[in-house]
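Peer 1: My structure is stored as final.txt, with compact mmCIF, C-alpha atoms (C1' of nucleotides).
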```txt
# COMPACT_ATOMS: atom_id res chain seq x y z
CA MET A 18 0.69 27.19 1.43
CA LYS A 19 -1.22 24.53 3.27
CA ASN A 20 1.48 21.98 3.87
CA ILE A 21 -0.63 19.07 2.70
CA LYS A 22 2.31 16.71 2.09
CA PRO A 23 3.02 15.50 5.64
CA ARG A 24 -0.67 14.95 6.26
CA LEU A 25 -0.93 12.86 3.11
CA ILE A 26 2.08 10.78 4.09
CA ARG A 27 0.61 10.08 7.51
CA LEU A 28 -2.70 8.91 6.02
CA PHE A 29 -1.11 6.88 3.21
CA LYS A 30 1.14 4.91 5.56
CA GLU A 31 -1.80 2.91 6.82
CA GLY A 32 -4.64 3.36 4.37
CA TYR A 33 -6.78 5.80 2.44
CA CYS A 34 -6.27 3.86 -0.77
CA THR A 35 -8.57 1.54 -2.69
CA PRO A 36 -8.34 -1.08 -5.44
CA GLN A 37 -8.40 -0.08 -9.11
CA ILE A 38 -11.10 -2.48 -10.17
CA SER A 39 -11.27 -1.51 -13.82
CA LYS A 40 -7.48 -1.75 -14.28
CA ILE A 41 -7.48 -5.17 -12.64
CA ALA A 42 -10.39 -6.30 -14.79
CA LYS A 43 -8.48 -5.28 -17.90
CA GLU A 44 -5.31 -6.97 -16.70
CA ILE A 45 -6.82 -10.35 -15.89
CA LYS A 46 -9.50 -10.13 -18.58
CA GLU A 47 -12.62 -10.67 -16.47
CA PRO A 48 -15.71 -8.47 -16.00
CA SER A 49 -15.24 -5.69 -13.49
CA THR A 50 -18.27 -6.84 -11.49
CA THR A 51 -16.63 -10.24 -11.05
CA ILE A 52 -13.45 -8.55 -9.82
CA HIS A 53 -15.53 -6.38 -7.51
CA TYR A 54 -17.27 -9.42 -6.03
CA ASN A 55 -14.00 -11.24 -5.38
CA ILE A 56 -12.30 -8.25 -3.80
CA LYS A 57 -15.22 -7.67 -1.43
CA LYS A 58 -15.00 -11.30 -0.43
CA LEU A 59 -11.29 -10.99 0.40
CA GLU A 60 -12.05 -7.91 2.47
CA GLU A 61 -14.89 -9.62 4.34
CA GLU A 62 -12.72 -12.66 5.06
CA GLY A 63 -10.17 -10.28 6.56
CA ALA A 64 -7.51 -11.45 4.12
CA ILE A 65 -6.97 -7.84 3.03
CA ARG A 66 -6.14 -5.58 5.95
CA THR A 67 -5.86 -2.26 4.15
CA TYR A 68 -4.72 -0.48 1.00
CA LYS A 69 -1.78 1.89 1.44
CA ALA A 70 1.08 3.70 -0.32
CA VAL A 71 4.69 2.56 -0.50
CA PHE A 72 7.18 5.41 -0.45
CA ASP A 73 10.68 6.07 -1.63
CA TYR A 74 11.60 6.60 1.98
CA LYS A 75 14.70 8.65 1.21
CA LYS A 76 12.38 11.20 -0.36
CA ILE A 77 10.17 11.54 2.69
CA ASP A 78 12.95 11.95 5.25
CA GLU A 79 12.95 8.34 6.38
CA GLY A 80 15.99 7.12 4.54
CA PHE A 81 17.83 5.79 7.60
CA CYS A 82 16.71 2.20 8.18
CA VAL A 83 17.72 -0.01 11.09
CA TYR A 84 16.91 -3.51 12.26
CA LEU A 85 16.81 -3.29 16.02
CA PHE A 86 17.07 -6.43 18.16
CA ILE A 87 15.80 -6.34 21.71
CA LYS A 88 16.36 -8.69 24.61
CA LEU A 89 14.00 -8.34 27.56
CA THR A 90 14.82 -8.84 31.21
CA ALA A 91 13.89 -12.23 32.64
CA LYS A 92 10.87 -10.69 34.32
CA ALA A 93 9.55 -8.81 31.25
CA GLY A 94 10.46 -11.67 28.93
CA ALA A 95 7.77 -13.84 30.48
CA TYR A 96 5.13 -11.49 29.05
CA PRO A 97 6.65 -9.93 25.94
CA ASP A 98 3.30 -9.18 24.24
CA ARG A 99 2.61 -6.01 26.16
CA ILE A 100 6.01 -4.45 25.47
CA VAL A 101 6.12 -5.37 21.80
CA GLY A 102 2.60 -4.03 21.44
CA GLU A 103 3.65 -0.70 22.88
CA LEU A 104 6.82 -0.43 20.80
CA ALA A 105 4.91 -1.36 17.65
CA LYS A 106 2.79 1.75 18.12
CA TYR A 107 5.77 4.03 17.53
CA GLU A 108 5.18 5.89 14.28
CA LYS A 109 8.70 5.19 13.06
CA VAL A 110 8.47 1.44 13.58
CA GLU A 111 7.66 -0.23 10.26
CA SER A 112 7.46 -3.77 11.61
CA ALA A 113 7.65 -5.61 14.91
CA ASP A 114 8.02 -9.35 15.52
CA LEU A 115 8.53 -11.60 18.51
CA LEU A 116 11.37 -14.08 18.08
CA ALA A 117 12.67 -17.29 19.57
CA GLY A 118 16.27 -17.45 20.75
CA GLU A 119 18.86 -14.98 21.94
CA TRP A 120 16.72 -11.95 21.04
CA ASP A 121 13.10 -11.54 22.05
CA MET A 122 12.04 -9.15 19.33
CA ILE A 123 13.08 -7.41 16.13
CA LEU A 124 11.90 -3.98 15.08
CA LYS A 125 12.41 -2.44 11.67
CA VAL A 126 12.74 1.29 12.19
CA ARG A 127 12.84 4.21 9.74
CA THR A 128 14.18 7.63 10.71
CA GLU A 129 15.56 10.62 8.88
CA ASP A 130 19.11 10.07 10.08
CA GLN A 131 21.35 8.57 12.75
CA ASP A 132 20.54 11.34 15.23
CA GLU A 133 16.84 10.74 15.08
CA PHE A 134 17.42 7.00 15.41
CA TYR A 135 19.54 7.57 18.49
CA ASP A 136 16.74 9.58 20.09
CA LEU A 137 14.34 6.73 19.41
CA LEU A 138 16.78 4.16 20.77
CA LYS A 139 17.24 6.15 23.98
CA SER A 140 13.48 6.31 24.49
CA ILE A 141 13.27 2.53 24.06
CA LEU A 142 16.19 1.86 26.41
CA ALA A 143 14.57 4.08 29.02
CA ARG A 144 11.63 1.68 29.30
CA GLU A 145 11.19 -0.97 31.97
CA GLY A 146 12.03 -4.50 30.95
CA ILE A 147 14.65 -3.88 28.24
CA GLU A 148 17.85 -5.81 29.02
CA LYS A 149 19.90 -5.04 25.93
CA THR A 150 19.67 -4.18 22.24
CA THR A 151 21.74 -4.36 19.12
CA SER A 152 21.26 -2.43 15.89
CA LEU A 153 21.92 -3.50 12.33
CA ILE A 154 22.05 -0.56 9.96
CA SER A 155 20.78 -1.08 6.43
CA LEU A 156 23.40 0.09 3.95
CA ARG A 157 21.08 -0.29 1.00
CA GLN A 158 17.38 -1.05 0.82
CA VAL A 159 16.79 -3.20 -2.22
CA LYS A 160 13.20 -4.30 -1.60
CA THR A 161 10.60 -3.27 0.92
CA GLU A 162 6.97 -4.26 1.40
CA PHE A 163 7.29 -6.56 -1.64
CA VAL A 164 8.27 -3.55 -3.77
CA LEU A 165 11.66 -3.31 -5.47
CA LEU A 166 13.26 0.08 -4.99
CA MET B 25 -15.21 -21.05 -10.60
CA LYS B 26 -12.56 -18.80 -12.01
CA ASN B 27 -10.06 -18.79 -9.18
CA ILE B 28 -9.68 -15.03 -9.16
CA LYS B 29 -8.23 -14.86 -5.63
CA PRO B 30 -4.59 -15.80 -6.29
CA ARG B 31 -4.46 -13.48 -9.27
CA LEU B 32 -5.78 -10.60 -7.16
CA ILE B 33 -3.23 -11.29 -4.45
CA ARG B 34 -0.39 -11.25 -6.95
CA LEU B 35 -1.49 -7.89 -8.38
CA PHE B 36 -2.22 -6.31 -5.00
CA LYS B 37 1.19 -7.15 -3.58
CA GLU B 38 2.82 -4.48 -5.70
CA GLY B 39 0.12 -2.18 -6.96
CA TYR B 40 -3.24 -1.92 -8.68
CA CYS B 41 -4.52 0.43 -5.98
CA THR B 42 -5.08 4.17 -5.96
CA PRO B 43 -5.66 6.96 -3.42
CA GLN B 44 -9.13 7.73 -2.10
CA ILE B 45 -9.04 11.43 -2.82
CA SER B 46 -12.55 12.25 -1.59
CA LYS B 47 -12.04 10.38 1.71
CA ILE B 48 -8.74 12.16 2.27
CA ALA B 49 -10.33 15.51 1.43
CA LYS B 50 -13.02 14.90 4.02
CA GLU B 51 -10.48 13.76 6.61
CA ILE B 52 -8.16 16.73 6.34
CA LYS B 53 -10.90 19.20 5.42
CA GLU B 54 -9.52 20.56 2.17
CA PRO B 55 -11.03 20.63 -1.35
CA SER B 56 -10.58 17.39 -3.24
CA THR B 57 -8.88 19.20 -6.14
CA THR B 58 -6.23 20.49 -3.76
CA ILE B 59 -5.67 16.95 -2.48
CA HIS B 60 -5.51 15.71 -6.05
CA TYR B 61 -2.88 18.29 -6.97
CA ASN B 62 -0.68 17.45 -3.98
CA ILE B 63 -0.88 13.71 -4.55
CA LYS B 64 0.12 14.06 -8.19
CA LYS B 65 3.09 16.12 -7.09
CA LEU B 66 4.23 13.41 -4.67
CA GLU B 67 3.89 10.85 -7.45
CA GLU B 68 5.87 12.98 -9.92
CA GLU B 69 8.63 13.58 -7.37
CA GLY B 70 8.87 9.81 -7.00
CA ALA B 71 8.11 10.04 -3.28
CA ILE B 72 5.24 7.60 -3.74
CA ARG B 73 6.35 4.38 -5.38
CA THR B 74 3.03 2.57 -5.59
CA TYR B 75 -0.28 1.89 -3.89
CA LYS B 76 -0.81 -1.70 -2.71
CA ALA B 77 -2.72 -3.97 -0.35
CA VAL B 78 -1.54 -5.21 3.03
CA PHE B 79 -2.72 -8.71 3.86
CA ASP B 80 -3.39 -10.78 6.89
CA TYR B 81 -0.70 -13.13 5.71
CA LYS B 82 -1.94 -16.09 7.70
CA LYS B 83 -5.12 -15.93 5.64
CA ILE B 84 -3.32 -16.04 2.29
CA ASP B 85 -1.02 -18.96 3.10
CA GLU B 86 1.99 -16.86 3.98
CA GLY B 87 1.82 -17.08 7.73
CA PHE B 88 5.36 -18.41 8.22
CA CYS B 89 7.71 -15.44 8.46
CA VAL B 90 11.50 -15.63 8.73
CA TYR B 91 14.34 -13.13 8.92
CA LEU B 92 17.15 -14.70 6.94
CA PHE B 93 20.73 -13.47 7.36
CA ILE B 94 23.22 -14.17 4.62
CA LYS B 95 27.00 -13.98 4.59
CA LEU B 96 28.66 -13.99 1.19
CA THR B 97 31.99 -15.55 0.29
CA ALA B 98 34.94 -13.17 0.18
CA LYS B 99 34.77 -13.12 -3.59
CA ALA B 100 31.03 -12.48 -3.90
CA GLY B 101 31.07 -10.08 -0.94
CA ALA B 102 33.06 -7.58 -2.96
CA TYR B 103 30.06 -7.10 -5.26
CA PRO B 104 26.97 -7.89 -3.18
CA ASP B 105 24.58 -5.77 -5.28
CA ARG B 106 24.10 -8.35 -8.00
CA ILE B 107 23.26 -11.20 -5.62
CA VAL B 108 20.94 -9.18 -3.40
CA GLY B 109 19.21 -7.89 -6.52
CA GLU B 110 18.58 -11.44 -7.69
CA LEU B 111 17.37 -12.68 -4.32
CA ALA B 112 15.09 -9.67 -3.94
CA LYS B 113 13.22 -10.80 -7.04
CA TYR B 114 11.96 -13.95 -5.33
CA GLU B 115 8.21 -13.63 -4.96
CA LYS B 116 8.31 -14.75 -1.33
CA VAL B 117 10.89 -12.16 -0.29
CA GLU B 118 9.13 -9.21 1.33
CA SER B 119 12.23 -7.11 1.91
CA ALA B 120 15.95 -7.22 1.21
CA ASP B 121 18.71 -5.04 2.66
CA LEU B 122 22.48 -4.92 2.50
CA LEU B 123 24.12 -4.68 5.93
CA ALA B 124 27.44 -3.77 7.48
CA GLY B 125 29.14 -6.25 9.80
CA GLU B 126 29.08 -9.97 10.29
CA TRP B 127 26.18 -10.49 7.85
CA ASP B 128 26.05 -9.03 4.38
CA MET B 129 22.32 -9.06 3.91
CA ILE B 130 18.99 -9.65 5.58
CA LEU B 131 15.89 -10.95 3.81
CA LYS B 132 12.40 -11.00 5.24
CA VAL B 133 10.67 -14.04 3.79
CA ARG B 134 7.04 -15.20 3.90
CA THR B 135 6.04 -18.78 3.14
CA GLU B 136 3.09 -20.99 3.92
CA ASP B 137 5.02 -23.17 6.37
CA GLN B 138 8.42 -24.47 7.43
CA ASP B 139 8.57 -26.91 4.52
CA GLU B 140 8.13 -24.24 1.92
CA PHE B 141 10.70 -22.09 3.68
CA TYR B 142 13.19 -24.95 3.64
CA ASP B 143 12.75 -25.33 -0.11
CA LEU B 144 13.44 -21.63 -0.56
CA LEU B 145 16.48 -21.79 1.72
CA LYS B 146 17.90 -24.72 -0.25
CA SER B 147 17.53 -22.82 -3.49
CA ILE B 148 19.38 -19.87 -1.97
CA LEU B 149 22.15 -22.03 -0.55
CA ALA B 150 22.61 -23.66 -3.95
CA ARG B 151 23.69 -20.34 -5.44
CA GLU B 152 27.27 -19.25 -6.03
CA GLY B 153 28.71 -16.86 -3.49
CA ILE B 154 26.69 -17.79 -0.38
CA GLU B 155 29.03 -18.63 2.51
CA LYS B 156 26.53 -19.17 5.32
CA THR B 157 23.08 -18.20 6.55
CA THR B 158 21.11 -18.07 9.75
CA SER B 159 17.35 -17.89 10.16
CA LEU B 160 15.31 -16.14 12.81
CA ILE B 161 11.74 -17.35 12.88
CA SER B 162 9.03 -14.87 13.78
CA LEU B 163 6.87 -16.26 16.56
CA ARG B 164 4.35 -13.48 16.32
CA GLN B 165 3.97 -10.67 13.80
CA VAL B 166 2.74 -7.60 15.63
CA LYS B 167 3.21 -4.95 12.96
CA THR B 168 4.10 -5.14 9.30
CA GLU B 169 4.40 -2.49 6.59
CA PHE B 170 3.43 0.13 9.21
CA VAL B 171 0.16 -1.72 9.81
CA LEU B 172 -0.70 -3.23 13.19
CA LEU B 173 -2.03 -6.77 12.90
C1' DT C 20 10.96 46.65 -1.86
C1' DT C 21 9.10 45.59 -6.30
C1' DC C 22 7.45 42.71 -9.61
C1' DA C 23 7.49 39.01 -12.69
C1' DA C 24 7.76 34.07 -12.96
C1' DT C 25 6.28 29.98 -10.81
C1' DA C 26 3.74 27.15 -7.65
C1' DT C 27 -0.41 26.17 -5.28
C1' DT C 28 -5.31 26.38 -4.49
C1' DT C 29 -10.02 25.96 -5.94
C1' DG C 30 -14.88 25.51 -8.12
C1' DA C 31 -17.38 23.96 -12.14
C1' DA C 32 -17.72 20.78 -15.87
C1' DT C 33 -16.49 16.51 -17.61
C1' DT C 34 -15.03 11.87 -17.72
C1' DT C 35 -14.13 7.73 -15.57
C1' DT C 36 -14.95 4.38 -12.18
C1' DA C 37 -17.14 1.95 -8.48
C1' DT C 38 -21.33 0.08 -6.80
C1' DT C 39 -25.87 -1.90 -6.77
C1' DC C 40 -29.01 -5.22 -8.12
C1' DA C 41 -31.33 -8.86 -10.32
C1' DG C 42 -30.88 -12.74 -13.01
C1' DA C 43 -27.94 -16.43 -14.78
C1' DT C 44 -24.67 -20.03 -14.05
C1' DA C 45 -21.92 -23.15 -11.54
C1' DG C 46 -20.63 -25.94 -7.53
C1' DG C 47 -21.46 -28.60 -3.28
C1' DC C 48 -23.86 -31.98 -1.03
C1' DA C 49 -27.54 -35.05 0.72
C1' DT D 8 -31.14 -35.96 -9.19
C1' DG D 9 -32.51 -31.83 -7.04
C1' DC D 10 -31.97 -28.21 -3.71
C1' DC D 11 -29.17 -24.78 -1.57
C1' DT D 12 -25.48 -21.68 -1.75
C1' DA D 13 -21.69 -19.44 -4.02
C1' DT D 14 -20.04 -17.19 -7.91
C1' DC D 15 -20.47 -14.70 -12.09
C1' DT D 16 -22.24 -10.98 -15.02
C1' DG D 17 -24.65 -7.08 -17.67
C1' DA D 18 -27.38 -2.96 -17.19
C1' DA D 19 -28.47 0.93 -14.46
C1' DT D 20 -27.11 3.98 -11.01
C1' DA D 21 -24.21 6.43 -7.94
C1' DA D 22 -19.87 8.10 -6.69
C1' DA D 23 -15.44 9.52 -7.59
C1' DA D 24 -11.46 11.15 -10.17
C1' DT D 25 -9.79 14.27 -13.52
C1' DT D 26 -9.52 18.32 -16.36
C1' DC D 27 -9.40 23.03 -16.89
C1' DA D 28 -9.28 27.82 -16.22
C1' DA D 29 -8.99 31.29 -13.04
C1' DA D 30 -7.62 33.06 -8.51
C1' DT D 31 -4.28 33.29 -4.99
C1' DA D 32 0.13 32.73 -2.91
C1' DT D 33 5.15 32.18 -3.01
C1' DT D 34 9.78 32.76 -4.66
C1' DG D 35 13.71 34.92 -6.31
C1' DA D 36 16.09 38.34 -8.89
C1' DA D 37 16.88 43.14 -9.71
```
Could you express the structure from this file as structure tokens?
Peer 2:
Amino acid sequence: MKNIKPRLIRLFKEGYCTPQISKIAKEIKEPSTTIHYNIKKLEEEGAIRTYKAVFDYKKIDEGFCVYLFIKLTAKAGAYPDRIVGELAKYEKVESADLLAGEWDMILKVRTEDQDEFYDLLKSILAREGIEKTTSLISLRQVKTEFVLL
Amino acid sequence: MKNIKPRLIRLFKEGYCTPQISKIAKEIKEPSTTIHYNIKKLEEEGAIRTYKAVFDYKKIDEGFCVYLFIKLTAKAGAYPDRIVGELAKYEKVESADLLAGEWDMILKVRTEDQDEFYDLLKSILAREGIEKTTSLISLRQVKTEFVLL
DNA sequence: TTCAATATTTGAATTTTATTCAGATAGGCA
DNA sequence: TGCCTATCTGAATAAAATTCAAATATTGAA
């Protein structure tokens, strides 16, 4: 047994997929070469970043989903880009945004369970520049990445 | 000019993509038929929901991104599933979750600009069962859908 | 432990699909 | 109008996915 599954999941989270030109051509009733031309143009413009899979996250041990708000210290808050860039690199962070107002950033985080989330939270709190955080636990994920679950 | 672009974007938001089996096989150094078998299994298990594109949303007129918190009235709050299900269907809603605590749900919304967001907000507020909302505007999107921007 | 049922892996053959390319058409602009 | 560029498209080619049958590995019950 080669344990291919986790390796597939890792690759599919960010890419290793491609458009189905012939299906699209059938759907919108245009020649496949026309579809091909238009897709390449979108890719060259940079409008399309990548093609990836969307998972039923409960089935890949990432069913625990939290919105994590972070407030930076006055010093770190002057240059939030570096910190948010580092936190965004965490594998379990689905999205990361800088905000205006009481909280400096919001992370959407997926872990297997509460324990794994707590480990992640501790590693974030241990960093320089974090003043405080608050966590909103998702009770039910109804839509994600534009896909209804 | 056939204006293919918006139709492609609509299809790519939820699907019309497929895995690149040969690229994956090369990457993880296994035969492509083995990769094929394992992917089909993930699909049959329901672990993979779909394959889709991730956009540079600024380049497809969806650069304005807001986290919208919603509190339901006492009456509607007893059965939040119906309302969140309806709101999740909005094309401009990227994600929708039910929460515990002060707010009953959080939507991640993408519009072209503030004006379009305000129109969407008005149409949400006009619904039965919405008690109050608050909006957190993303100043900078660093990561989305597990993809660094 | 044995062994039979089931799951996984794999190469070869086939089918499907993407890609290339050259010519046609349409659109933008001076 | 006429020229330049962008878009569209069919035919030919190249690349990739899929099927299938056989080999190997794993699981679970006796």
Peer 1: Nearest to chain A: which of B:Met25, B:Ala124, B:Ile107, B:Leu96 is it, counting all atoms listed in the file?
Peer 2: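 Using all atoms listed in the file, chain A sits closest to B:Ala124.
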Peer 1: Determine, using only C-alpha atoms (C1' of nucleotides), which residues of chain A have any atom at most 9 Å from an atom of chain D, and tabulate each with its shortest atom pair and distance in Å to one decimal place, rows ordered by chain and then rising number, as JSON lines.
Peer 2:
```
{"residue": "A:Met18", "atom": "CA", "partner": "D:DA32", "partner_atom": "C1'", "distance": 7.1}
{"residue": "A:Pro48", "atom": "CA", "partner": "D:DT16", "partner_atom": "C1'", "distance": 7.1}
{"residue": "A:Ser49", "atom": "CA", "partner": "D:DT16", "partner_atom": "C1'", "distance": 8.9}
{"residue": "A:Thr50", "atom": "CA", "partner": "D:DT16", "partner_atom": "C1'", "distance": 6.7}
{"residue": "A:Thr51", "atom": "CA", "partner": "D:DC15", "partner_atom": "C1'", "distance": 6.0}
{"residue": "A:Tyr54", "atom": "CA", "partner": "D:DT14", "partner_atom": "C1'", "distance": 8.5}
{"residue": "A:Asn55", "atom": "CA", "partner": "D:DT14", "partner_atom": "C1'", "distance": 8.8}
```
Peer 1: Between CA of Gly32 in chain A and CA of Ile130 in chain B, what distance in Å does the model show, to one decimal?
Peer 2: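 Result for CA of Gly32 in chain A versus CA of Ile130 in chain B: 27.0 Å, one decimal.
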Peer 1: Within 8 Å of Phe72 in chain A, counting all atoms listed in the file, which residues qualify if same-chain residues fewer than 6 places away don't, as a compact mmCIF listing (two decimals) with C-alpha atoms, in the frame of the given file?
Peer 2:
```
# COMPACT_ATOMS: atom_id res chain seq x y z
CA ALA B 71 8.11 10.04 -3.28
CA ILE B 72 5.24 7.60 -3.74
CA ARG B 73 6.35 4.38 -5.38
CA THR B 74 3.03 2.57 -5.59
```
Peer 1: What is the CA of Thr128 in chain A to CA of Phe86 in chain A distance in Å?
Peer 2: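 Computing it gives 16.2 Å between the two atoms.
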Peer 1: For Val110 in chain A, work out the shell of residues within 8 Å, counting all atoms listed in the file and skipping chain neighbours fewer than 3 positions away, then give it as a list in words.
Peer 2: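 With the cut-off at 8 Å, the set is Leu104, Ala105, Lys106, Tyr107, Ala113, Leu124, Lys125, Val126 and Arg127 of chain A; Phe170 of chain B.
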Peer 1: How many Å separate CA of Gly70 in chain B from CA of Leu153 in chain A?
Peer 2: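 These atoms are spaced 26.9 Å apart.
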Peer 1: Please find the residues of chain A near chain B - the criterion being any atom within 7 Å, counting only C-alpha atoms - and write them as a PDB file with C-alpha atoms, in the coordinates of the input.
Peer 2:
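Output saved as iface_37.pdb:
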```pdb
ATOM      1  CA  ILE A  21      -0.630  19.070   2.700  1.00  0.00           C
ATOM      2  CA  LYS A  22       2.310  16.710   2.090  1.00  0.00           C
ATOM      3  CA  LYS A  30       1.140   4.910   5.560  1.00  0.00           C
ATOM      4  CA  GLU A  31      -1.800   2.910   6.820  1.00  0.00           C
ATOM      5  CA  TYR A  33      -6.780   5.800   2.440  1.00  0.00           C
ATOM      6  CA  CYS A  34      -6.270   3.860  -0.770  1.00  0.00           C
ATOM      7  CA  THR A  35      -8.570   1.540  -2.690  1.00  0.00           C
ATOM      8  CA  PRO A  36      -8.340  -1.080  -5.440  1.00  0.00           C
ATOM      9  CA  GLN A  37      -8.400  -0.080  -9.110  1.00  0.00           C
ATOM     10  CA  ILE A  41      -7.480  -5.170 -12.640  1.00  0.00           C
ATOM     11  CA  ASN A  55     -14.000 -11.240  -5.380  1.00  0.00           C
ATOM     12  CA  GLY A  63     -10.170 -10.280   6.560  1.00  0.00           C
ATOM     13  CA  ALA A  64      -7.510 -11.450   4.120  1.00  0.00           C
ATOM     14  CA  ILE A  65      -6.970  -7.840   3.030  1.00  0.00           C
ATOM     15  CA  ARG A  66      -6.140  -5.580   5.950  1.00  0.00           C
ATOM     16  CA  THR A  67      -5.860  -2.260   4.150  1.00  0.00           C
ATOM     17  CA  TYR A  68      -4.720  -0.480   1.000  1.00  0.00           C
ATOM     18  CA  LYS A  69      -1.780   1.890   1.440  1.00  0.00           C
ATOM     19  CA  ALA A  70       1.080   3.700  -0.320  1.00  0.00           C
ATOM     20  CA  VAL A  71       4.690   2.560  -0.500  1.00  0.00           C
ATOM     21  CA  PHE A  72       7.180   5.410  -0.450  1.00  0.00           C
ATOM     22  CA  ASP A  73      10.680   6.070  -1.630  1.00  0.00           C
ATOM     23  CA  LYS A  76      12.380  11.200  -0.360  1.00  0.00           C
ATOM     24  CA  ILE A  77      10.170  11.540   2.690  1.00  0.00           C
ATOM     25  CA  GLY A 102       2.600  -4.030  21.440  1.00  0.00           C
ATOM     26  CA  ALA A 105       4.910  -1.360  17.650  1.00  0.00           C
ATOM     27  CA  VAL A 110       8.470   1.440  13.580  1.00  0.00           C
ATOM     28  CA  GLU A 111       7.660  -0.230  10.260  1.00  0.00           C
ATOM     29  CA  SER A 112       7.460  -3.770  11.610  1.00  0.00           C
ATOM     30  CA  ALA A 113       7.650  -5.610  14.910  1.00  0.00           C
ATOM     31  CA  ASP A 114       8.020  -9.350  15.520  1.00  0.00           C
ATOM     32  CA  LEU A 115       8.530 -11.600  18.510  1.00  0.00           C
ATOM     33  CA  LEU A 116      11.370 -14.080  18.080  1.00  0.00           C
ATOM     34  CA  ALA A 117      12.670 -17.290  19.570  1.00  0.00           C
ATOM     35  CA  LEU A 153      21.920  -3.500  12.330  1.00  0.00           C
ATOM     36  CA  ILE A 154      22.050  -0.560   9.960  1.00  0.00           C
ATOM     37  CA  SER A 155      20.780  -1.080   6.430  1.00  0.00           C
ATOM     38  CA  LEU A 156      23.400   0.090   3.950  1.00  0.00           C
ATOM     39  CA  ARG A 157      21.080  -0.290   1.000  1.00  0.00           C
ATOM     40  CA  GLN A 158      17.380  -1.050   0.820  1.00  0.00           C
ATOM     41  CA  VAL A 159      16.790  -3.200  -2.220  1.00  0.00           C
ATOM     42  CA  LYS A 160      13.200  -4.300  -1.600  1.00  0.00           C
ATOM     43  CA  THR A 161      10.600  -3.270   0.920  1.00  0.00           C
ATOM     44  CA  GLU A 162       6.970  -4.260   1.400  1.00  0.00           C
ATOM     45  CA  PHE A 163       7.290  -6.560  -1.640  1.00  0.00           C
ATOM     46  CA  VAL A 164       8.270  -3.550  -3.770  1.00  0.00           C
TER      47      VAL A 164
END
```
Peer 1: Report as JSON lines the residues of chain C within 12 Å of chain A, each with its shortest atom pair and distance in Å (one decimal), using only C-alpha atoms (C1' of nucleotides), ordered by chain and increasing residue number.
Peer 2:
```
{"residue": "C:DA26", "atom": "C1'", "partner": "A:Met18", "partner_atom": "CA", "distance": 9.6}
{"residue": "C:DT27", "atom": "C1'", "partner": "A:Met18", "partner_atom": "CA", "distance": 6.9}
{"residue": "C:DT28", "atom": "C1'", "partner": "A:Met18", "partner_atom": "CA", "distance": 8.5}
{"residue": "C:DT35", "atom": "C1'", "partner": "A:Ser39", "partner_atom": "CA", "distance": 9.8}
{"residue": "C:DT36", "atom": "C1'", "partner": "A:Ser39", "partner_atom": "CA", "distance": 7.1}
{"residue": "C:DA37", "atom": "C1'", "partner": "A:Ile38", "partner_atom": "CA", "distance": 7.7}
{"residue": "C:DT38", "atom": "C1'", "partner": "A:His53", "partner_atom": "CA", "distance": 8.7}
{"residue": "C:DT39", "atom": "C1'", "partner": "A:Thr50", "partner_atom": "CA", "distance": 10.2}
{"residue": "C:DC40", "atom": "C1'", "partner": "A:Thr50", "partner_atom": "CA", "distance": 11.4}
```
Peer 1: Show me, as a ChimeraX atom specification, the residues that have an atom within 8 Å of range 137-149 of chain B when counting all atoms listed in the file, minus same-chain residues fewer than 5 positions from it.
Peer 2: /B:86-88,111,154,156
